[in-house]
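What follows is a set of notes on a single structure, which appears directly below.
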Amino acid sequence: KLIRRKPPNVLMAYGHYLLGVEAKHGGASGGVSKEGLEEAERQFLMALEIDPQLTRAYVGLAYVCEYRLDLGIGAPAENGAKLVEYAHKAIALDPNDAEAQMVLGHAFSYQGLNDQALQQFSKAEALAPSNADVLILIAWFLPQLDQSQRAVALVERALRLNPNYPAWYNQGLRYVYFFGGAYDKAIKFVKLVPNPNPLDFAFLASASAMLDDMPAAKAAAAELHRRDAAWNVESYLSDSGLFPERLAAMFVEAARK
């Protein structure tokens, strides 16, 4: 709040970084958006103009690429290439930064390099075993690496470490619990997402269907269709990378229900 009151010409690099983080997470209203990501990218780049050694600004740019990949904003190949570039730059500046090691793991995961991704996640967890943000951002990627139950264990540890977690956790929690088969918890947390996007309604509809709550599933599916009539689970699975066959089949079954 203090930083936002300052005129831009007196902001230092870390101030721009913090404004980038806020914009990435949706600002005061919450909820990731195309416009918020554009503002986050602008702030992170301004931070690097002032301090080219600011590791976390590169980590922030990597997160922007990830969100764009997840939300289908821009060209996937370009976002994927930039994600790898920013992650490597962050690690070159500070190899002991857990988030830098973690975002490289994310980049490997998007490329389908599962073993390398898991190695990076182990490095990140070892560097910051009590950092709830790092734990949930590792867990968010583990279902695709066929480690759903480890993902559930990590998010539950993150919730114990930070019970007053920021709103962006809710999307990671709905994802991890859905693929962990805890559909009731997936529903609980997706309902806490501020300004939900079409994918949130896809998870709400699918989790409700798996619990045979068809009125709730129908309502969520209708809202999904209203917001994005072209959404379908096969495209989501394809665009997101390689899912284990078991989990892909489960999500397709849920969407069909």
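Chains: A, B, ... in order of the structure tokens. Residues: from 1 per chain. Ligands: from 1, in order shown.
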
message: Applying 9 Å and only C-alpha atoms, which residues near Pro143 of chain A remain after dropping the ones on its own chain fewer than 3 positions away? List them as a PyMOL selection string.
response: chain A and resi 139-140+146-151+175-176+179-180+243-244+247

Please, which residues in segment 127-204 of chain A fall within 8 Å of segment 219-226 of chain A when counting only C-alpha atoms, and what is the closest atom pair and distance in Å to one decimal for each, ordered by chain then residue number, as a Markdown table?
| residue | atom | partner | partner_atom | distance |
| --- | --- | --- | --- | --- |
| A:Pro198 | CA | A:Leu224 | CA | 5.2 |
| A:Leu199 | CA | A:Leu224 | CA | 7.5 |
| A:Phe201 | CA | A:Leu224 | CA | 5.4 |
| A:Ala202 | CA | A:Leu224 | CA | 6.2 |
| A:Leu204 | CA | A:Ala220 | CA | 6.2 |

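One finds atom CA of Pro129 of chain A at 25.6 Å from atom CA of Glu85 of chain A.
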
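Neighbours of Ala167 of chain A closer than or equal to 12 Å, with only C-alpha atoms counted and sequence neighbours fewer than 2 positions away skipped, come out as Glu22, His25, Gly26, Gly27, Ala28, Ser29, Gly30, Gly31, Val32, Asp133, Asn162, Pro163, Asn164, Tyr165, Tyr169, Asn170, Gln171, Gly172, Leu173, Arg174, Phe189, Val190, Lys191, Leu192, Val193, Pro194, Asn195 and Pro196 of chain A.
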
- request: Report the distance between atom CA of Gln43 of chain A and atom CA of Phe121 of chain A in Å, rounded to one decimal place.
  value: 26.9 Å

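Nearest-residue note for Tyr67 of chain A: choosing from A:Ile3, A:Leu211, A:Leu83, A:Leu54, the minimum distance belongs to A:Leu83, counting only C-alpha atoms.
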
message: So that I can check the surroundings of Asp212 of chain A, please list as a PyMOL selection string every protein, DNA and RNA residue that reaches within 10 Å of it, counting only C-alpha atoms and ignoring chain neighbours fewer than 6 positions away.
response: chain A and resi 206+254+257

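Shell of Pro76 of chain A at 12 Å, with only C-alpha atoms counted and residues fewer than 3 places along the chain excluded, is Cys65, Glu66, Tyr67, Arg68, Leu69, Asp70, Leu71, Gly72, Ile73, Asn79, Gly80, Ala81, Lys82, Leu83, Tyr110, Gln111, Ser238, Asp239, Ser240 and Gly241 of chain A.
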